[in-house]
Protein chains: 2
Amino acid sequence: MYTSKINIKIRDTILDPQGKAVEHSLKSLGFNSVTDTRIGKYIELKIDTLSEEDAKKITEETCRKLLANPVMEDYEFVVSKDGEGK
Amino acid sequence: MYTSKINIKIRDTILDPQGKAVEHSLKSLGFNSVTDTRIGKYIELKIDTLSEEDAKKITEETCRKLLANPVMEDYEFVVSKDGEGK
């Protein structure tokens with residue numbers, strides 16, 4: 001069993017109003033050193049395959065076909081094997 | 001300048017209907033090896049501080065005070081220094 005941790009982020013060139021709103025709230029709370037905020041999605045998949053290669057391939061495909069919007073979003077992911085004995 | 005990459009996830013013991021919906025869609029698309037899906041938030045902060053310690057402290061504080069719901073969510077983050085010359 002493998003775990004894929006996927007981060008999906010709106011491209012840097014595209015305006016992120018949700019991020020701006022959170023940035024504004026952070027500034028109101030006194031966090032003046034925060035200069036930029038971007039908000040995206042975090043998705044964790046448990047994948048039941050035999051090899052890490054397969055798990056990576058499946059994760060890549062799920063991002064391309066469903067999870068990420070290829071026009072507006074970038075994604076990156078890390079695949080790791082679940083601990084033995086769990 | 002430092003970049004904080006924060007992943008916020010609903011606790012494993014709490015039902016994640018959005019994750020279940022995506023899992024169902026993945027199965028409809030033929031991804032039968034995906035056995036669990038959890039959806040959370042990904043937040044990227046740019047922090048203008050002198051030391052990595054300060055950046056970590058600020059990130060921790062933003063999570064506690066605004067970004068994460070301490071009752072329902074867990075968070076983890078990585079802080080890295082932005083590349084020289086950028």
# chains A, B, ... in the order shown; residues from 1 in each chain; ligands from 1
$ calpha_fit_and_write --fixed "chain A" --moving "chain B" --output "PDB file with N, CA and C atoms, in the first residue's frame"
ATOM      1  N   MET B   1       0.875  -1.214   0.017  1.00  0.00           N
ATOM      2  CA  MET B   1       0.024  -0.005   0.008  1.00  0.00           C
ATOM      3  C   MET B   1       0.899   1.255   0.002  1.00  0.00           C
ATOM      4  N   TYR B   2       0.549   2.185  -0.847  1.00  0.00           N
ATOM      5  CA  TYR B   2       1.316   3.425  -0.945  1.00  0.00           C
ATOM      6  C   TYR B   2       0.436   4.625  -0.640  1.00  0.00           C
ATOM      7  N   THR B   3       1.055   5.680  -0.136  1.00  0.00           N
ATOM      8  CA  THR B   3       0.335   6.930   0.102  1.00  0.00           C
ATOM      9  C   THR B   3       0.878   8.000  -0.827  1.00  0.00           C
ATOM     10  N   SER B   4      -0.028   8.652  -1.571  1.00  0.00           N
ATOM     11  CA  SER B   4       0.360   9.775  -2.421  1.00  0.00           C
ATOM     12  C   SER B   4      -0.110  11.056  -1.771  1.00  0.00           C
ATOM     13  N   LYS B   5       0.813  11.989  -1.595  1.00  0.00           N
ATOM     14  CA  LYS B   5       0.431  13.307  -1.074  1.00  0.00           C
ATOM     15  C   LYS B   5       0.558  14.302  -2.219  1.00  0.00           C
ATOM     16  N   ILE B   6      -0.582  14.844  -2.627  1.00  0.00           N
ATOM     17  CA  ILE B   6      -0.626  15.706  -3.807  1.00  0.00           C
ATOM     18  C   ILE B   6      -0.941  17.142  -3.400  1.00  0.00           C
ATOM     19  N   ASN B   7      -0.137  18.089  -3.876  1.00  0.00           N
ATOM     20  CA  ASN B   7      -0.441  19.501  -3.682  1.00  0.00           C
ATOM     21  C   ASN B   7      -0.804  20.116  -5.021  1.00  0.00           C
ATOM     22  N   ILE B   8      -1.962  20.749  -5.049  1.00  0.00           N
ATOM     23  CA  ILE B   8      -2.424  21.387  -6.276  1.00  0.00           C
ATOM     24  C   ILE B   8      -2.550  22.879  -6.017  1.00  0.00           C
ATOM     25  N   LYS B   9      -1.922  23.665  -6.878  1.00  0.00           N
ATOM     26  CA  LYS B   9      -1.834  25.096  -6.645  1.00  0.00           C
ATOM     27  C   LYS B   9      -2.247  25.834  -7.902  1.00  0.00           C
ATOM     28  N   ILE B  10      -2.943  26.968  -7.724  1.00  0.00           N
ATOM     29  CA  ILE B  10      -3.258  27.820  -8.868  1.00  0.00           C
ATOM     30  C   ILE B  10      -1.947  28.400  -9.405  1.00  0.00           C
ATOM     31  N   ARG B  11      -1.782  28.428 -10.728  1.00  0.00           N
ATOM     32  CA  ARG B  11      -0.564  28.977 -11.339  1.00  0.00           C
ATOM     33  C   ARG B  11      -0.248  30.379 -10.814  1.00  0.00           C
ATOM     34  N   ASP B  12       1.030  30.675 -10.705  1.00  0.00           N
ATOM     35  CA  ASP B  12       1.454  31.955 -10.141  1.00  0.00           C
ATOM     36  C   ASP B  12       0.956  33.158 -10.930  1.00  0.00           C
ATOM     37  N   THR B  13       0.735  32.958 -12.236  1.00  0.00           N
ATOM     38  CA  THR B  13       0.301  34.083 -13.067  1.00  0.00           C
ATOM     39  C   THR B  13      -1.196  34.380 -12.926  1.00  0.00           C
ATOM     40  N   ILE B  14      -1.920  33.487 -12.260  1.00  0.00           N
ATOM     41  CA  ILE B  14      -3.369  33.657 -12.133  1.00  0.00           C
ATOM     42  C   ILE B  14      -3.711  34.205 -10.752  1.00  0.00           C
ATOM     43  N   LEU B  15      -4.604  35.157 -10.716  1.00  0.00           N
ATOM     44  CA  LEU B  15      -5.005  35.800  -9.467  1.00  0.00           C
ATOM     45  C   LEU B  15      -5.645  34.775  -8.531  1.00  0.00           C
ATOM     46  N   ASP B  16      -5.303  34.856  -7.243  1.00  0.00           N
ATOM     47  CA  ASP B  16      -5.852  33.929  -6.250  1.00  0.00           C
ATOM     48  C   ASP B  16      -6.578  34.735  -5.177  1.00  0.00           C
ATOM     49  N   PRO B  17      -7.867  35.029  -5.397  1.00  0.00           N
ATOM     50  CA  PRO B  17      -8.594  35.900  -4.466  1.00  0.00           C
ATOM     51  C   PRO B  17      -8.694  35.318  -3.061  1.00  0.00           C
ATOM     52  N   GLN B  18      -8.823  33.977  -2.962  1.00  0.00           N
ATOM     53  CA  GLN B  18      -8.916  33.350  -1.641  1.00  0.00           C
ATOM     54  C   GLN B  18      -7.604  33.583  -0.867  1.00  0.00           C
ATOM     55  N   GLY B  19      -6.498  33.439  -1.581  1.00  0.00           N
ATOM     56  CA  GLY B  19      -5.195  33.694  -0.964  1.00  0.00           C
ATOM     57  C   GLY B  19      -5.070  35.129  -0.483  1.00  0.00           C
ATOM     58  N   LYS B  20      -5.551  36.070  -1.320  1.00  0.00           N
ATOM     59  CA  LYS B  20      -5.491  37.494  -0.962  1.00  0.00           C
ATOM     60  C   LYS B  20      -6.321  37.763   0.299  1.00  0.00           C
ATOM     61  N   ALA B  21      -7.474  37.096   0.384  1.00  0.00           N
ATOM     62  CA  ALA B  21      -8.348  37.300   1.550  1.00  0.00           C
ATOM     63  C   ALA B  21      -7.663  36.809   2.822  1.00  0.00           C
ATOM     64  N   VAL B  22      -7.032  35.631   2.724  1.00  0.00           N
ATOM     65  CA  VAL B  22      -6.343  35.082   3.896  1.00  0.00           C
ATOM     66  C   VAL B  22      -5.147  35.966   4.268  1.00  0.00           C
ATOM     67  N   GLU B  23      -4.453  36.466   3.250  1.00  0.00           N
ATOM     68  CA  GLU B  23      -3.310  37.340   3.492  1.00  0.00           C
ATOM     69  C   GLU B  23      -3.751  38.584   4.264  1.00  0.00           C
ATOM     70  N   HIS B  24      -4.895  39.119   3.852  1.00  0.00           N
ATOM     71  CA  HIS B  24      -5.450  40.296   4.509  1.00  0.00           C
ATOM     72  C   HIS B  24      -5.770  39.975   5.987  1.00  0.00           C
ATOM     73  N   SER B  25      -6.384  38.798   6.213  1.00  0.00           N
ATOM     74  CA  SER B  25      -6.702  38.401   7.593  1.00  0.00           C
ATOM     75  C   SER B  25      -5.437  38.248   8.417  1.00  0.00           C
ATOM     76  N   LEU B  26      -4.396  37.655   7.806  1.00  0.00           N
ATOM     77  CA  LEU B  26      -3.135  37.472   8.533  1.00  0.00           C
ATOM     78  C   LEU B  26      -2.549  38.828   8.920  1.00  0.00           C
ATOM     79  N   LYS B  27      -2.633  39.794   8.003  1.00  0.00           N
ATOM     80  CA  LYS B  27      -2.105  41.133   8.301  1.00  0.00           C
ATOM     81  C   LYS B  27      -2.898  41.786   9.440  1.00  0.00           C
ATOM     82  N   SER B  28      -4.231  41.579   9.423  1.00  0.00           N
ATOM     83  CA  SER B  28      -5.064  42.126  10.509  1.00  0.00           C
ATOM     84  C   SER B  28      -4.677  41.533  11.852  1.00  0.00           C
ATOM     85  N   LEU B  29      -4.212  40.287  11.827  1.00  0.00           N
ATOM     86  CA  LEU B  29      -3.805  39.633  13.075  1.00  0.00           C
ATOM     87  C   LEU B  29      -2.376  40.012  13.470  1.00  0.00           C
ATOM     88  N   GLY B  30      -1.732  40.830  12.646  1.00  0.00           N
ATOM     89  CA  GLY B  30      -0.397  41.295  13.002  1.00  0.00           C
ATOM     90  C   GLY B  30       0.752  40.542  12.359  1.00  0.00           C
ATOM     91  N   PHE B  31       0.442  39.622  11.461  1.00  0.00           N
ATOM     92  CA  PHE B  31       1.518  38.898  10.768  1.00  0.00           C
ATOM     93  C   PHE B  31       1.996  39.714   9.561  1.00  0.00           C
ATOM     94  N   ASN B  32       2.766  40.772   9.857  1.00  0.00           N
ATOM     95  CA  ASN B  32       3.154  41.678   8.782  1.00  0.00           C
ATOM     96  C   ASN B  32       4.285  41.152   7.911  1.00  0.00           C
ATOM     97  N   SER B  33       4.957  40.116   8.367  1.00  0.00           N
ATOM     98  CA  SER B  33       6.069  39.585   7.570  1.00  0.00           C
ATOM     99  C   SER B  33       5.606  38.623   6.482  1.00  0.00           C
ATOM    100  N   VAL B  34       4.304  38.277   6.484  1.00  0.00           N
ATOM    101  CA  VAL B  34       3.788  37.413   5.423  1.00  0.00           C
ATOM    102  C   VAL B  34       3.509  38.281   4.191  1.00  0.00           C
ATOM    103  N   THR B  35       4.271  38.050   3.110  1.00  0.00           N
ATOM    104  CA  THR B  35       4.157  38.941   1.955  1.00  0.00           C
ATOM    105  C   THR B  35       3.329  38.355   0.814  1.00  0.00           C
ATOM    106  N   ASP B  36       3.078  37.065   0.821  1.00  0.00           N
ATOM    107  CA  ASP B  36       2.251  36.481  -0.234  1.00  0.00           C
ATOM    108  C   ASP B  36       1.609  35.195   0.276  1.00  0.00           C
ATOM    109  N   THR B  37       0.392  34.946  -0.144  1.00  0.00           N
ATOM    110  CA  THR B  37      -0.342  33.751   0.279  1.00  0.00           C
ATOM    111  C   THR B  37      -1.045  33.146  -0.925  1.00  0.00           C
ATOM    112  N   ARG B  38      -0.859  31.879  -1.154  1.00  0.00           N
ATOM    113  CA  ARG B  38      -1.563  31.187  -2.238  1.00  0.00           C
ATOM    114  C   ARG B  38      -2.252  29.989  -1.626  1.00  0.00           C
ATOM    115  N   ILE B  39      -3.480  29.739  -2.049  1.00  0.00           N
ATOM    116  CA  ILE B  39      -4.227  28.621  -1.477  1.00  0.00           C
ATOM    117  C   ILE B  39      -4.564  27.602  -2.547  1.00  0.00           C
ATOM    118  N   GLY B  40      -4.373  26.359  -2.226  1.00  0.00           N
ATOM    119  CA  GLY B  40      -4.674  25.288  -3.160  1.00  0.00           C
ATOM    120  C   GLY B  40      -5.303  24.113  -2.448  1.00  0.00           C
ATOM    121  N   LYS B  41      -5.217  22.945  -3.092  1.00  0.00           N
ATOM    122  CA  LYS B  41      -5.811  21.748  -2.513  1.00  0.00           C
ATOM    123  C   LYS B  41      -4.717  20.766  -2.132  1.00  0.00           C
ATOM    124  N   TYR B  42      -4.978  20.043  -1.058  1.00  0.00           N
ATOM    125  CA  TYR B  42      -4.095  18.955  -0.666  1.00  0.00           C
ATOM    126  C   TYR B  42      -4.910  17.673  -0.744  1.00  0.00           C
ATOM    127  N   ILE B  43      -4.419  16.701  -1.469  1.00  0.00           N
ATOM    128  CA  ILE B  43      -5.168  15.447  -1.619  1.00  0.00           C
ATOM    129  C   ILE B  43      -4.264  14.274  -1.250  1.00  0.00           C
ATOM    130  N   GLU B  44      -4.788  13.394  -0.416  1.00  0.00           N
ATOM    131  CA  GLU B  44      -4.023  12.214  -0.020  1.00  0.00           C
ATOM    132  C   GLU B  44      -4.737  10.985  -0.565  1.00  0.00           C
ATOM    133  N   LEU B  45      -4.025  10.182  -1.325  1.00  0.00           N
ATOM    134  CA  LEU B  45      -4.607   8.951  -1.859  1.00  0.00           C
ATOM    135  C   LEU B  45      -3.896   7.750  -1.254  1.00  0.00           C
ATOM    136  N   LYS B  46      -4.658   6.721  -0.899  1.00  0.00           N
ATOM    137  CA  LYS B  46      -4.067   5.422  -0.565  1.00  0.00           C
ATOM    138  C   LYS B  46      -4.202   4.561  -1.810  1.00  0.00           C
ATOM    139  N   ILE B  47      -3.100   4.022  -2.272  1.00  0.00           N
ATOM    140  CA  ILE B  47      -3.127   3.256  -3.511  1.00  0.00           C
ATOM    141  C   ILE B  47      -2.595   1.848  -3.246  1.00  0.00           C
ATOM    142  N   ASP B  48      -3.377   0.882  -3.670  1.00  0.00           N
ATOM    143  CA  ASP B  48      -3.027  -0.516  -3.432  1.00  0.00           C
ATOM    144  C   ASP B  48      -2.388  -1.104  -4.698  1.00  0.00           C
ATOM    145  N   THR B  49      -1.081  -0.944  -4.817  1.00  0.00           N
ATOM    146  CA  THR B  49      -0.354  -1.524  -5.957  1.00  0.00           C
ATOM    147  C   THR B  49       0.882  -2.223  -5.439  1.00  0.00           C
ATOM    148  N   LEU B  50       1.507  -2.972  -6.324  1.00  0.00           N
ATOM    149  CA  LEU B  50       2.684  -3.738  -5.907  1.00  0.00           C
ATOM    150  C   LEU B  50       3.957  -2.898  -5.927  1.00  0.00           C
ATOM    151  N   SER B  51       4.068  -1.972  -6.875  1.00  0.00           N
ATOM    152  CA  SER B  51       5.326  -1.218  -6.958  1.00  0.00           C
ATOM    153  C   SER B  51       5.098   0.277  -6.820  1.00  0.00           C
ATOM    154  N   GLU B  52       6.141   0.975  -6.382  1.00  0.00           N
ATOM    155  CA  GLU B  52       6.072   2.421  -6.240  1.00  0.00           C
ATOM    156  C   GLU B  52       5.897   3.070  -7.615  1.00  0.00           C
ATOM    157  N   GLU B  53       6.509   2.481  -8.629  1.00  0.00           N
ATOM    158  CA  GLU B  53       6.370   2.998 -10.003  1.00  0.00           C
ATOM    159  C   GLU B  53       4.906   3.071 -10.416  1.00  0.00           C
ATOM    160  N   ASP B  54       4.182   1.961 -10.162  1.00  0.00           N
ATOM    161  CA  ASP B  54       2.759   1.924 -10.501  1.00  0.00           C
ATOM    162  C   ASP B  54       1.991   3.001  -9.736  1.00  0.00           C
ATOM    163  N   ALA B  55       2.299   3.137  -8.440  1.00  0.00           N
ATOM    164  CA  ALA B  55       1.603   4.127  -7.609  1.00  0.00           C
ATOM    165  C   ALA B  55       1.838   5.524  -8.165  1.00  0.00           C
ATOM    166  N   LYS B  56       3.079   5.811  -8.597  1.00  0.00           N
ATOM    167  CA  LYS B  56       3.385   7.131  -9.166  1.00  0.00           C
ATOM    168  C   LYS B  56       2.623   7.346 -10.461  1.00  0.00           C
ATOM    169  N   LYS B  57       2.576   6.288 -11.284  1.00  0.00           N
ATOM    170  CA  LYS B  57       1.890   6.399 -12.579  1.00  0.00           C
ATOM    171  C   LYS B  57       0.404   6.688 -12.359  1.00  0.00           C
ATOM    172  N   ILE B  58      -0.192   5.957 -11.397  1.00  0.00           N
ATOM    173  CA  ILE B  58      -1.619   6.154 -11.114  1.00  0.00           C
ATOM    174  C   ILE B  58      -1.872   7.562 -10.576  1.00  0.00           C
ATOM    175  N   THR B  59      -1.005   8.015  -9.679  1.00  0.00           N
ATOM    176  CA  THR B  59      -1.179   9.366  -9.123  1.00  0.00           C
ATOM    177  C   THR B  59      -1.120  10.411 -10.225  1.00  0.00           C
ATOM    178  N   GLU B  60      -0.117  10.296 -11.069  1.00  0.00           N
ATOM    179  CA  GLU B  60       0.039  11.232 -12.195  1.00  0.00           C
ATOM    180  C   GLU B  60      -1.240  11.262 -13.055  1.00  0.00           C
ATOM    181  N   GLU B  61      -1.767  10.057 -13.308  1.00  0.00           N
ATOM    182  CA  GLU B  61      -2.958   9.948 -14.147  1.00  0.00           C
ATOM    183  C   GLU B  61      -4.197  10.559 -13.472  1.00  0.00           C
ATOM    184  N   THR B  62      -4.363  10.307 -12.164  1.00  0.00           N
ATOM    185  CA  THR B  62      -5.523  10.885 -11.458  1.00  0.00           C
ATOM    186  C   THR B  62      -5.452  12.409 -11.497  1.00  0.00           C
ATOM    187  N   CYS B  63      -4.232  12.958 -11.380  1.00  0.00           N
ATOM    188  CA  CYS B  63      -4.089  14.416 -11.420  1.00  0.00           C
ATOM    189  C   CYS B  63      -4.477  14.939 -12.791  1.00  0.00           C
ATOM    190  N   ARG B  64      -4.001  14.264 -13.833  1.00  0.00           N
ATOM    191  CA  ARG B  64      -4.260  14.742 -15.185  1.00  0.00           C
ATOM    192  C   ARG B  64      -5.734  14.612 -15.548  1.00  0.00           C
ATOM    193  N   LYS B  65      -6.336  13.480 -15.125  1.00  0.00           N
ATOM    194  CA  LYS B  65      -7.692  13.201 -15.594  1.00  0.00           C
ATOM    195  C   LYS B  65      -8.794  13.789 -14.733  1.00  0.00           C
ATOM    196  N   LEU B  66      -8.520  14.012 -13.436  1.00  0.00           N
ATOM    197  CA  LEU B  66      -9.609  14.477 -12.575  1.00  0.00           C
ATOM    198  C   LEU B  66      -9.213  15.579 -11.596  1.00  0.00           C
ATOM    199  N   LEU B  67      -8.114  15.378 -10.888  1.00  0.00           N
ATOM    200  CA  LEU B  67      -7.888  16.222  -9.709  1.00  0.00           C
ATOM    201  C   LEU B  67      -7.470  17.653 -10.037  1.00  0.00           C
ATOM    202  N   ALA B  68      -6.601  17.834 -11.022  1.00  0.00           N
ATOM    203  CA  ALA B  68      -6.110  19.183 -11.312  1.00  0.00           C
ATOM    204  C   ALA B  68      -6.705  19.707 -12.611  1.00  0.00           C
ATOM    205  N   ASN B  69      -6.879  21.014 -12.673  1.00  0.00           N
ATOM    206  CA  ASN B  69      -7.302  21.681 -13.887  1.00  0.00           C
ATOM    207  C   ASN B  69      -6.037  22.050 -14.665  1.00  0.00           C
ATOM    208  N   PRO B  70      -5.803  21.404 -15.815  1.00  0.00           N
ATOM    209  CA  PRO B  70      -4.521  21.592 -16.489  1.00  0.00           C
ATOM    210  C   PRO B  70      -4.297  23.017 -16.995  1.00  0.00           C
ATOM    211  N   VAL B  71      -5.362  23.787 -17.149  1.00  0.00           N
ATOM    212  CA  VAL B  71      -5.210  25.150 -17.656  1.00  0.00           C
ATOM    213  C   VAL B  71      -4.768  26.109 -16.549  1.00  0.00           C
ATOM    214  N   MET B  72      -5.318  25.913 -15.359  1.00  0.00           N
ATOM    215  CA  MET B  72      -5.097  26.905 -14.299  1.00  0.00           C
ATOM    216  C   MET B  72      -4.189  26.440 -13.173  1.00  0.00           C
ATOM    217  N   GLU B  73      -4.004  25.124 -13.075  1.00  0.00           N
ATOM    218  CA  GLU B  73      -3.335  24.630 -11.868  1.00  0.00           C
ATOM    219  C   GLU B  73      -2.063  23.831 -12.156  1.00  0.00           C
ATOM    220  N   ASP B  74      -1.151  23.881 -11.220  1.00  0.00           N
ATOM    221  CA  ASP B  74       0.032  23.028 -11.239  1.00  0.00           C
ATOM    222  C   ASP B  74      -0.083  22.046 -10.086  1.00  0.00           C
ATOM    223  N   TYR B  75       0.492  20.852 -10.264  1.00  0.00           N
ATOM    224  CA  TYR B  75       0.470  19.907  -9.153  1.00  0.00           C
ATOM    225  C   TYR B  75       1.842  19.288  -8.946  1.00  0.00           C
ATOM    226  N   GLU B  76       2.062  18.866  -7.720  1.00  0.00           N
ATOM    227  CA  GLU B  76       3.258  18.094  -7.420  1.00  0.00           C
ATOM    228  C   GLU B  76       2.860  17.054  -6.391  1.00  0.00           C
ATOM    229  N   PHE B  77       3.552  15.913  -6.386  1.00  0.00           N
ATOM    230  CA  PHE B  77       3.185  14.886  -5.415  1.00  0.00           C
ATOM    231  C   PHE B  77       4.385  14.073  -4.971  1.00  0.00           C
ATOM    232  N   VAL B  78       4.211  13.445  -3.815  1.00  0.00           N
ATOM    233  CA  VAL B  78       5.227  12.565  -3.248  1.00  0.00           C
ATOM    234  C   VAL B  78       4.536  11.243  -2.958  1.00  0.00           C
ATOM    235  N   VAL B  79       5.147  10.147  -3.370  1.00  0.00           N
ATOM    236  CA  VAL B  79       4.580   8.828  -3.088  1.00  0.00           C
ATOM    237  C   VAL B  79       5.497   8.118  -2.095  1.00  0.00           C
ATOM    238  N   SER B  80       4.894   7.568  -1.040  1.00  0.00           N
ATOM    239  CA  SER B  80       5.719   6.829  -0.080  1.00  0.00           C
ATOM    240  C   SER B  80       5.041   5.519   0.294  1.00  0.00           C
ATOM    241  N   LYS B  81       5.858   4.550   0.634  1.00  0.00           N
ATOM    242  CA  LYS B  81       5.327   3.249   1.021  1.00  0.00           C
ATOM    243  C   LYS B  81       4.847   3.340   2.464  1.00  0.00           C
ATOM    244  N   ASP B  82       3.680   2.757   2.750  1.00  0.00           N
ATOM    245  CA  ASP B  82       3.195   2.777   4.130  1.00  0.00           C
ATOM    246  C   ASP B  82       4.064   1.869   4.986  1.00  0.00           C
ATOM    247  N   GLY B  83       4.221   2.270   6.241  1.00  0.00           N
ATOM    248  CA  GLY B  83       5.081   1.527   7.165  1.00  0.00           C
ATOM    249  C   GLY B  83       4.717   0.044   7.265  1.00  0.00           C
ATOM    250  N   GLU B  84       5.692  -0.804   7.420  1.00  0.00           N
ATOM    251  CA  GLU B  84       5.468  -2.237   7.581  1.00  0.00           C
ATOM    252  C   GLU B  84       4.669  -2.471   8.855  1.00  0.00           C
ATOM    253  N   GLY B  85       3.878  -3.538   8.852  1.00  0.00           N
ATOM    254  CA  GLY B  85       3.162  -3.934  10.066  1.00  0.00           C
ATOM    255  C   GLY B  85       1.938  -3.105  10.375  1.00  0.00           C
ATOM    256  N   LYS B  86       1.641  -2.131   9.494  1.00  0.00           N
ATOM    257  CA  LYS B  86       0.440  -1.329   9.731  1.00  0.00           C
ATOM    258  C   LYS B  86      -0.760  -1.975   9.052  1.00  0.00           C
TER     259      LYS B  86
END
$ select_by_dssp --residues "segment 9-67 of chain B" --states "strand (DSSP E or B)" --output "JSON, numbers by chain"
{"B": [9, 10, 34, 35, 36, 37, 38, 39, 40, 41, 42, 43, 44, 45, 46, 47]}
$ write_last_selection --atoms "C-alpha atoms" --output "CSV table (one decimal), in the first residue's frame"
chain,number,residue,atom,x,y,z
B,9,LYS,CA,-6.0,17.7,6.6
B,10,ILE,CA,-9.2,16.7,8.3
B,34,VAL,CA,-7.3,3.9,-5.0
B,35,THR,CA,-8.6,2.7,-1.7
B,36,ASP,CA,-8.9,5.9,0.3
B,37,THR,CA,-9.0,9.7,-0.5
B,38,ARG,CA,-8.8,12.6,1.9
B,39,ILE,CA,-9.0,16.2,0.8
B,40,GLY,CA,-7.5,19.2,2.6
B,41,LYS,CA,-6.0,22.6,2.0
B,42,TYR,CA,-2.6,23.5,0.7
B,43,ILE,CA,-1.4,26.9,1.7
B,44,GLU,CA,1.9,28.6,0.6
B,45,LEU,CA,3.1,31.6,2.5
B,46,LYS,CA,6.0,33.9,1.6
B,47,ILE,CA,7.6,35.1,4.8
$ select_by_dssp --residues "segment 1-83 of chain A" --states "alpha helix (DSSP H)" --output "ChimeraX atom specification"
/A:17-28,52-62
$ decode --residues "segment 19-37 of chain A" --atoms "N, CA and C atoms" --output "CSV table (one decimal), in the first residue's frame"
chain,number,residue,atom,x,y,z
A,19,GLY,N,-6.5,33.4,-1.6
A,19,GLY,CA,-5.2,33.7,-1.0
A,19,GLY,C,-5.1,35.1,-0.5
A,20,LYS,N,-5.6,36.1,-1.3
A,20,LYS,CA,-5.5,37.5,-1.0
A,20,LYS,C,-6.3,37.7,0.3
A,21,ALA,N,-7.5,37.1,0.4
A,21,ALA,CA,-8.4,37.3,1.6
A,21,ALA,C,-7.7,36.8,2.8
A,22,VAL,N,-7.1,35.6,2.7
A,22,VAL,CA,-6.4,35.1,3.9
A,22,VAL,C,-5.2,36.0,4.3
A,23,GLU,N,-4.5,36.5,3.2
A,23,GLU,CA,-3.3,37.3,3.5
A,23,GLU,C,-3.8,38.6,4.3
A,24,HIS,N,-4.9,39.1,3.8
A,24,HIS,CA,-5.5,40.3,4.5
A,24,HIS,C,-5.8,40.0,6.0
A,25,SER,N,-6.4,38.8,6.2
A,25,SER,CA,-6.7,38.4,7.6
A,25,SER,C,-5.4,38.2,8.4
A,26,LEU,N,-4.4,37.7,7.8
A,26,LEU,CA,-3.1,37.5,8.5
A,26,LEU,C,-2.6,38.8,8.9
A,27,LYS,N,-2.6,39.8,8.0
A,27,LYS,CA,-2.1,41.1,8.3
A,27,LYS,C,-2.9,41.8,9.4
A,28,SER,N,-4.2,41.6,9.4
A,28,SER,CA,-5.1,42.1,10.5
A,28,SER,C,-4.7,41.5,11.8
A,29,LEU,N,-4.2,40.3,11.8
A,29,LEU,CA,-3.8,39.6,13.1
A,29,LEU,C,-2.4,40.0,13.5
A,30,GLY,N,-1.7,40.8,12.7
A,30,GLY,CA,-0.4,41.3,13.0
A,30,GLY,C,0.8,40.5,12.4
A,31,PHE,N,0.4,39.6,11.5
A,31,PHE,CA,1.5,38.9,10.8
A,31,PHE,C,2.0,39.7,9.6
A,32,ASN,N,2.8,40.8,9.9
A,32,ASN,CA,3.2,41.7,8.8
A,32,ASN,C,4.3,41.1,7.9
A,33,SER,N,5.0,40.1,8.4
A,33,SER,CA,6.1,39.6,7.6
A,33,SER,C,5.6,38.6,6.5
A,34,VAL,N,4.3,38.3,6.5
A,34,VAL,CA,3.8,37.4,5.4
A,34,VAL,C,3.5,38.3,4.2
A,35,THR,N,4.3,38.0,3.1
A,35,THR,CA,4.2,38.9,2.0
A,35,THR,C,3.3,38.4,0.8
A,36,ASP,N,3.1,37.0,0.8
A,36,ASP,CA,2.3,36.5,-0.2
A,36,ASP,C,1.6,35.2,0.3
A,37,THR,N,0.4,34.9,-0.2
A,37,THR,CA,-0.3,33.7,0.3
A,37,THR,C,-1.0,33.1,-0.9
